[in-house]
file query33.txt (compact mmCIF, C-alpha atoms)
# COMPACT_ATOMS: atom_id res chain seq x y z
CA MET A 905 27.95 -12.76 -76.74
CA LYS A 906 25.49 -12.78 -79.64
CA ILE A 907 22.46 -10.63 -78.75
CA LEU A 908 19.28 -10.09 -80.75
CA ILE A 909 17.25 -6.94 -79.97
CA LEU A 910 13.70 -6.82 -81.30
CA ALA A 911 11.31 -3.87 -81.40
CA ALA A 912 7.90 -3.50 -82.97
CA MET A 913 8.42 -0.48 -85.22
CA GLU A 914 11.07 1.12 -87.41
CA LYS A 915 11.12 4.28 -85.29
CA GLU A 916 11.89 2.21 -82.19
CA ILE A 917 14.70 0.41 -83.99
CA ASN A 918 16.17 3.65 -85.35
CA LEU A 919 16.70 4.92 -81.81
CA LEU A 920 19.04 1.98 -81.17
CA PHE A 921 21.36 2.27 -84.16
CA ASN A 922 23.66 4.83 -82.62
CA ILE A 923 24.88 2.40 -79.95
CA LEU A 924 26.50 0.15 -82.59
CA ASP A 925 29.92 0.22 -84.19
CA ASN A 926 30.70 -1.24 -87.64
CA LEU A 927 27.04 -1.24 -88.58
CA LYS A 928 25.95 -3.33 -91.56
CA GLU A 929 22.63 -4.59 -92.89
CA THR A 930 21.61 -8.17 -93.54
CA GLU A 931 18.29 -9.85 -94.22
CA VAL A 932 16.58 -13.00 -92.94
CA GLU A 933 13.49 -14.19 -94.84
CA GLY A 934 12.63 -10.62 -95.78
CA ILE A 935 13.28 -9.24 -92.29
CA LYS A 936 15.94 -6.53 -92.29
CA ILE A 937 18.60 -6.91 -89.63
CA ALA A 938 21.10 -4.26 -88.55
CA GLU A 939 24.21 -5.95 -87.22
CA GLY A 940 27.07 -4.29 -85.41
CA GLU A 941 29.30 -4.35 -82.38
CA PHE A 942 28.89 -2.95 -78.91
CA LYS A 943 31.77 -3.49 -76.49
CA HIS A 944 32.59 -7.20 -76.92
CA HIS A 945 29.13 -8.23 -78.14
CA THR A 946 27.70 -8.89 -81.58
CA ILE A 947 24.38 -7.04 -81.65
CA MET A 948 21.61 -7.72 -84.14
CA ILE A 949 18.56 -5.41 -84.26
CA GLY A 950 15.35 -6.30 -86.05
CA LYS A 951 11.69 -5.39 -86.33
CA CYS A 952 9.20 -7.94 -85.01
CA GLY A 953 6.11 -6.02 -86.11
CA ILE A 954 3.13 -4.76 -84.13
CA GLY A 955 0.90 -7.23 -82.31
CA LYS A 956 1.20 -10.72 -80.91
CA VAL A 957 1.03 -12.73 -84.15
CA ASN A 958 3.56 -10.59 -86.00
CA ALA A 959 5.87 -10.65 -82.99
CA ALA A 960 5.64 -14.41 -82.51
CA ILE A 961 6.17 -15.31 -86.18
CA ASN A 962 9.11 -12.99 -86.73
CA THR A 963 10.72 -13.83 -83.39
CA LEU A 964 10.63 -17.53 -84.22
CA ILE A 965 12.07 -16.96 -87.70
CA LEU A 966 14.94 -14.88 -86.32
CA LEU A 967 15.71 -17.14 -83.37
CA ARG A 968 15.96 -20.16 -85.64
CA ALA A 969 18.15 -18.37 -88.17
CA LEU A 970 20.39 -16.29 -85.92
CA LYS A 971 20.58 -18.46 -82.77
CA PRO A 972 21.36 -15.63 -80.35
CA ASP A 973 22.62 -16.21 -76.81
CA LEU A 974 20.17 -13.60 -75.53
CA LEU A 975 16.98 -12.02 -76.87
CA ILE A 976 16.06 -8.50 -75.74
CA ASN A 977 12.66 -7.00 -76.47
CA SER A 978 13.01 -3.22 -76.49
CA GLY A 979 10.80 -0.33 -77.54
CA VAL A 980 7.95 1.58 -75.92
CA ALA A 981 5.02 0.76 -73.65
CA GLY A 982 2.01 2.48 -72.15
CA GLY A 983 2.50 3.28 -68.49
CA ALA A 984 0.13 1.96 -65.84
CA GLY A 985 0.96 4.52 -63.19
CA LEU A 986 4.48 5.20 -64.49
CA PRO A 987 5.40 8.61 -65.94
CA ILE A 988 6.50 9.12 -69.53
CA SER A 989 10.19 8.33 -70.20
CA THR A 990 10.40 5.85 -67.32
CA VAL A 991 12.48 2.83 -68.32
CA LEU A 992 10.82 -0.40 -67.20
CA VAL A 993 12.59 -3.75 -66.97
CA ALA A 994 10.05 -6.57 -66.88
CA ASP A 995 10.47 -9.06 -64.05
CA LYS A 996 7.53 -11.00 -65.48
CA VAL A 997 5.27 -10.83 -68.52
CA ALA A 998 1.67 -11.93 -69.07
CA TYR A 999 -1.18 -11.63 -71.57
CA HIS A 1000 -4.04 -9.34 -70.58
CA ASP A 1001 -6.40 -10.56 -73.32
CA VAL A 1002 -6.14 -14.36 -73.13
CA TRP A 1003 -8.51 -16.84 -71.49
CA CYS A 1004 -8.49 -20.47 -72.60
CA GLY A 1005 -11.64 -21.44 -70.72
CA PRO A 1006 -12.61 -23.25 -67.52
CA GLY A 1007 -9.72 -24.84 -65.67
CA THR A 1008 -7.23 -22.22 -66.82
CA GLU A 1009 -6.13 -18.91 -65.33
CA TYR A 1010 -7.02 -15.66 -67.04
CA GLY A 1011 -4.00 -14.51 -69.03
CA GLN A 1012 -2.47 -17.98 -69.33
CA ALA A 1013 -1.69 -19.23 -72.82
CA ASP A 1014 -2.16 -22.94 -73.45
CA GLY A 1015 0.80 -24.92 -72.14
CA MET A 1016 2.51 -21.85 -70.68
CA PRO A 1017 2.82 -20.44 -67.17
CA LEU A 1018 0.63 -17.45 -66.32
CA PHE A 1019 3.70 -15.31 -65.70
CA MET A 1020 6.58 -15.77 -68.13
CA LEU A 1021 9.87 -14.99 -66.43
CA PRO A 1022 13.00 -13.51 -68.00
CA SER A 1023 16.33 -15.23 -67.46
CA SER A 1024 17.22 -14.83 -63.78
CA GLU A 1025 20.87 -14.17 -64.62
CA PHE A 1026 20.09 -11.25 -66.89
CA LEU A 1027 17.22 -10.02 -64.73
CA ASN A 1028 19.58 -9.70 -61.76
CA ILE A 1029 21.92 -7.57 -63.88
CA ALA A 1030 19.00 -5.44 -65.02
CA LYS A 1031 17.77 -4.93 -61.46
CA GLU A 1032 21.19 -3.63 -60.45
CA ILE A 1033 21.02 -1.14 -63.29
CA THR A 1034 17.50 0.02 -62.43
CA GLU A 1035 18.69 0.93 -58.94
CA GLU A 1036 21.53 2.96 -60.43
CA SER A 1037 19.41 4.59 -63.12
CA LEU A 1038 16.18 5.26 -61.21
CA ALA A 1039 14.38 2.95 -63.62
CA ALA A 1040 11.61 0.57 -62.61
CA THR A 1041 11.00 -3.18 -62.58
CA GLY A 1042 7.66 -4.93 -62.70
CA LEU A 1043 4.97 -6.70 -64.69
CA ILE A 1044 4.28 -5.92 -68.34
CA CYS A 1045 0.98 -7.14 -69.79
CA SER A 1046 0.48 -7.59 -73.53
CA GLY A 1047 -2.57 -7.73 -75.74
CA ASP A 1048 -3.71 -7.04 -79.28
CA LYS A 1049 -5.01 -3.56 -78.64
CA PHE A 1050 -3.48 -0.10 -78.21
CA ILE A 1051 -4.56 0.81 -74.67
CA SER A 1052 -5.62 4.46 -74.51
CA SER A 1053 -8.03 4.93 -71.60
CA ALA A 1054 -8.15 4.70 -67.83
CA GLU A 1055 -11.08 2.29 -68.12
CA GLU A 1056 -8.97 -0.15 -70.15
CA ILE A 1057 -6.11 0.06 -67.65
CA ASN A 1058 -8.55 -0.55 -64.78
CA ASN A 1059 -9.95 -3.60 -66.58
CA ILE A 1060 -6.43 -5.01 -66.87
CA ARG A 1061 -5.75 -4.21 -63.20
CA GLU A 1062 -8.77 -6.32 -62.20
CA HIS A 1063 -6.81 -9.36 -63.32
CA PHE A 1064 -3.29 -8.02 -62.76
CA PRO A 1065 -3.25 -5.46 -59.91
CA GLU A 1066 0.55 -5.17 -60.05
CA VAL A 1067 0.76 -4.25 -63.76
CA LYS A 1068 3.29 -1.47 -64.47
CA ALA A 1069 2.96 -1.15 -68.25
CA VAL A 1070 1.13 -2.49 -71.28
CA ASP A 1071 2.24 -3.28 -74.82
CA MET A 1072 1.30 -5.45 -77.77
CA GLU A 1073 4.29 -7.80 -78.21
CA SER A 1074 6.41 -8.66 -75.18
CA ALA A 1075 4.35 -11.62 -73.93
CA ALA A 1076 4.32 -13.23 -77.40
CA ILE A 1077 8.08 -12.71 -77.69
CA ALA A 1078 8.57 -14.15 -74.21
CA GLN A 1079 6.47 -17.20 -75.07
CA VAL A 1080 8.51 -17.96 -78.19
CA ALA A 1081 11.75 -17.43 -76.27
CA ILE A 1082 10.67 -19.86 -73.55
CA GLN A 1083 9.49 -22.46 -76.06
CA THR A 1084 12.81 -22.29 -77.93
CA GLY A 1085 14.95 -22.24 -74.80
CA THR A 1086 16.31 -18.74 -75.50
CA PRO A 1087 17.15 -16.50 -72.52
CA PHE A 1088 15.27 -13.22 -72.81
CA ALA A 1089 14.85 -9.80 -71.23
CA VAL A 1090 12.30 -7.03 -71.77
CA ILE A 1091 13.36 -3.39 -71.46
CA ARG A 1092 10.76 -0.82 -72.48
CA VAL A 1093 10.36 2.96 -72.23
CA VAL A 1094 7.02 4.49 -71.23
CA SER A 1095 5.76 6.58 -74.17
CA ASP A 1096 2.30 7.47 -72.87
CA THR A 1097 0.08 7.11 -69.81
CA PRO A 1098 -3.40 5.80 -70.67
CA GLY A 1099 -6.06 7.72 -68.78
CA GLU A 1100 -3.80 10.65 -67.90
CA GLY A 1101 -4.15 13.56 -70.31
CA GLU A 1102 -4.67 12.98 -74.02
CA ASN A 1103 -3.08 9.59 -74.46
CA ILE A 1104 -2.71 9.48 -78.23
CA SER A 1105 -1.16 12.95 -78.32
CA GLN A 1106 1.28 11.88 -75.60
CA TYR A 1107 2.26 8.90 -77.71
CA LYS A 1108 2.82 11.00 -80.83
CA ASP A 1109 4.74 13.69 -78.93
CA PHE A 1110 7.04 11.12 -77.35
CA TRP A 1111 8.83 10.50 -80.63
CA THR A 1112 9.89 14.12 -80.97
CA LYS A 1113 10.60 14.66 -77.28
CA ALA A 1114 12.22 11.39 -76.31
CA PRO A 1115 15.85 12.05 -75.31
CA GLU A 1116 18.57 9.54 -75.92
CA LYS A 1117 18.95 9.08 -72.16
CA THR A 1118 15.79 6.95 -72.16
CA PHE A 1119 17.88 4.20 -73.73
CA GLU A 1120 20.81 4.55 -71.30
CA VAL A 1121 19.51 1.59 -69.31
CA LEU A 1122 19.78 -0.67 -72.35
CA LYS A 1123 23.34 0.49 -73.00
CA LYS A 1124 24.31 -0.08 -69.36
CA PHE A 1125 22.71 -3.51 -69.50
CA LEU A 1126 24.73 -4.51 -72.57
CA THR A 1127 27.90 -3.18 -70.95
CA LYS A 1128 27.46 -5.31 -67.81
CA ILE A 1129 26.76 -8.57 -69.63
CA GLU A 1130 29.85 -10.78 -69.85
call {"tool": "encode", "arguments": {"input": "query33.txt", "output": "structure tokens"}}
result
Amino acid sequence: MKILILAAMEKEINLLFNILDNLKETEVEGIKIAEGEFKHHTIMIGKCGIGKVNAAINTLILLRALKPDLLINSGVAGGAGLPISTVLVADKVAYHDVWCGPGTEYGQADGMPLFMLPSSEFLNIAKEITEESLAATGLICSGDKFISSAEEINNIREHFPEVKAVDMESAAIAQVAIQTGTPFAVIRVVSDTPGEGENISQYKDFWTKAPEKTFEVLKKFLTKIE
């Protein structure tokens, strides 16, 4: 299977390189792609950039050029009640900063469902792995702001009480995937917990403290895919 993994930042991507064999670099419209093999899959890893617009533009460019069988959005997220280093597999994704006016639901992008759902086939595989790995499943909400306070999390919870984590890209990536008919999955690692301790310090410390085991779920997921 041909699988494209996208993350927002170089340091997120770098954590994934060691799972690949026969690594080589290519480029698509200025976007660097690391391509290699994992088990019987061809894996391509690229940077989508931070924020919804960057993520949407670069996701569309790469999906059109590379035509993967599966798109995985990986990287980090802020926990909404989840401890640091928890791996979260999204069972649905929504925007926490979108409202298109009267007659629409808060969080719903024009022409899209409120909750954007990953491929059921791949989600079922991921749920099996979360049970084995003590990871979590749940809702990820995305918006164009780094969430750093309990007040901001509580504001998001007013609209989405079941939110488990927040980020700045996964909903945009999910929207592009749905609109292009590309199966997708979102697997993120909690890097900080807004409102608990000093959030920005937690986020910075994560990059020096994060063990490789935080990405074991992704490796297990790739192993189980046919």
call {"tool": "closest_residue", "arguments": {"input": "query33.txt", "among": "A:Ala959, A:Ile923, A:Ile1077, A:Ala969", "to": "Lys1124 in chain A", "atoms": "all atoms listed in the file"}}
result
A:Ile923
call {"tool": "closest_residue", "arguments": {"input": "query33.txt", "among": "A:Met1072, A:Ala1013, A:Val1121, A:Ile1082", "to": "Ala911 in chain A", "atoms": "all atoms listed in the file"}}
result
A:Met1072
call {"tool": "residues_around", "arguments": {"input": "query33.txt", "residues": "range 1022-1039 of chain A", "least_positions_apart": "6", "cutoff": "6 Å", "atoms": "only C-alpha atoms", "output": "list in words"}}
result
Val991, Pro1087, Phe1088 and Ala1089 of chain A
call {"tool": "closest_residue", "arguments": {"input": "query33.txt", "among": "A:Ser989, A:Thr946, A:Thr963, A:Asn922", "to": "Leu1126 in chain A", "atoms": "only C-alpha atoms"}}
result
A:Thr946
call {"tool": "residues_around", "arguments": {"input": "query33.txt", "residues": "Ile937 in chain A", "least_positions_apart": "5", "cutoff": "10 Å", "atoms": "all atoms listed in the file", "output": "PyMOL selection string"}}
result
chain A and resi 908-910+928-932+947-951+966
call {"tool": "closest_residue", "arguments": {"input": "query33.txt", "among": "A:Ser978, A:Thr1008, A:Asn958, A:Thr1041", "to": "Ile917 in chain A", "atoms": "only C-alpha atoms"}}
result
A:Ser978
call {"tool": "residues_near_point", "arguments": {"input": "query33.txt", "point": "(5.1, 5.4, -68.5)", "cutoff": "12 Å", "atoms": "all atoms listed in the file", "output": "JSON, numbers by chain"}}
result
{"A": [980, 981, 982, 983, 984, 985, 986, 987, 988, 989, 990, 991, 992, 993, 1039, 1040, 1041, 1044, 1067, 1068, 1069, 1070, 1071, 1092, 1093, 1094, 1095, 1096, 1097, 1098, 1099, 1100, 1103, 1106, 1107, 1110, 1118]}
call {"tool": "atom_distance", "arguments": {"input": "query33.txt", "atom1": "CA of Glu1056 in chain A", "atom2": "CA of Gly1005 in chain A"}}
result
21.5 Å
call {"tool": "axis_aligned_box", "arguments": {"input": "query33.txt", "around": "range 946-964 of chain A", "padding_each_side": "4 Å", "output": "lines of an AutoDock Vina configuration file"}}
result
center_x = 14.3
center_y = -11.1
center_z = -83.8
size_x = 34.8
size_y = 20.8
size_z = 13.8
call {"tool": "closest_residue", "arguments": {"input": "query33.txt", "among": "A:Cys1045, A:Thr1127, A:Glu941, A:Gly1015", "to": "Ile1057 in chain A", "atoms": "all atoms listed in the file"}}
result
A:Cys1045
call {"tool": "atom_distance", "arguments": {"input": "query33.txt", "atom1": "CA of Gly1085 in chain A", "atom2": "CA of Gly953 in chain A"}}
result
21.7 Å
call {"tool": "atom_distance", "arguments": {"input": "query33.txt", "atom1": "CA of Glu1009 in chain A", "atom2": "CA of His1063 in chain A"}}
result
9.8 Å
call {"tool": "residues_near_point", "arguments": {"input": "query33.txt", "point": "(-5.4, -13.2, -73.2)", "cutoff": "8 Å", "atoms": "all atoms listed in the file", "output": "MDAnalysis selection string"}}
result
chainID A and resid 999:1004 1010:1013 1047
call {"tool": "closest_residue", "arguments": {"input": "query33.txt", "among": "A:Leu920, A:Ala1081, A:Lys915, A:Ser1074", "to": "Ile965 in chain A", "atoms": "only C-alpha atoms"}}
result
A:Ala1081
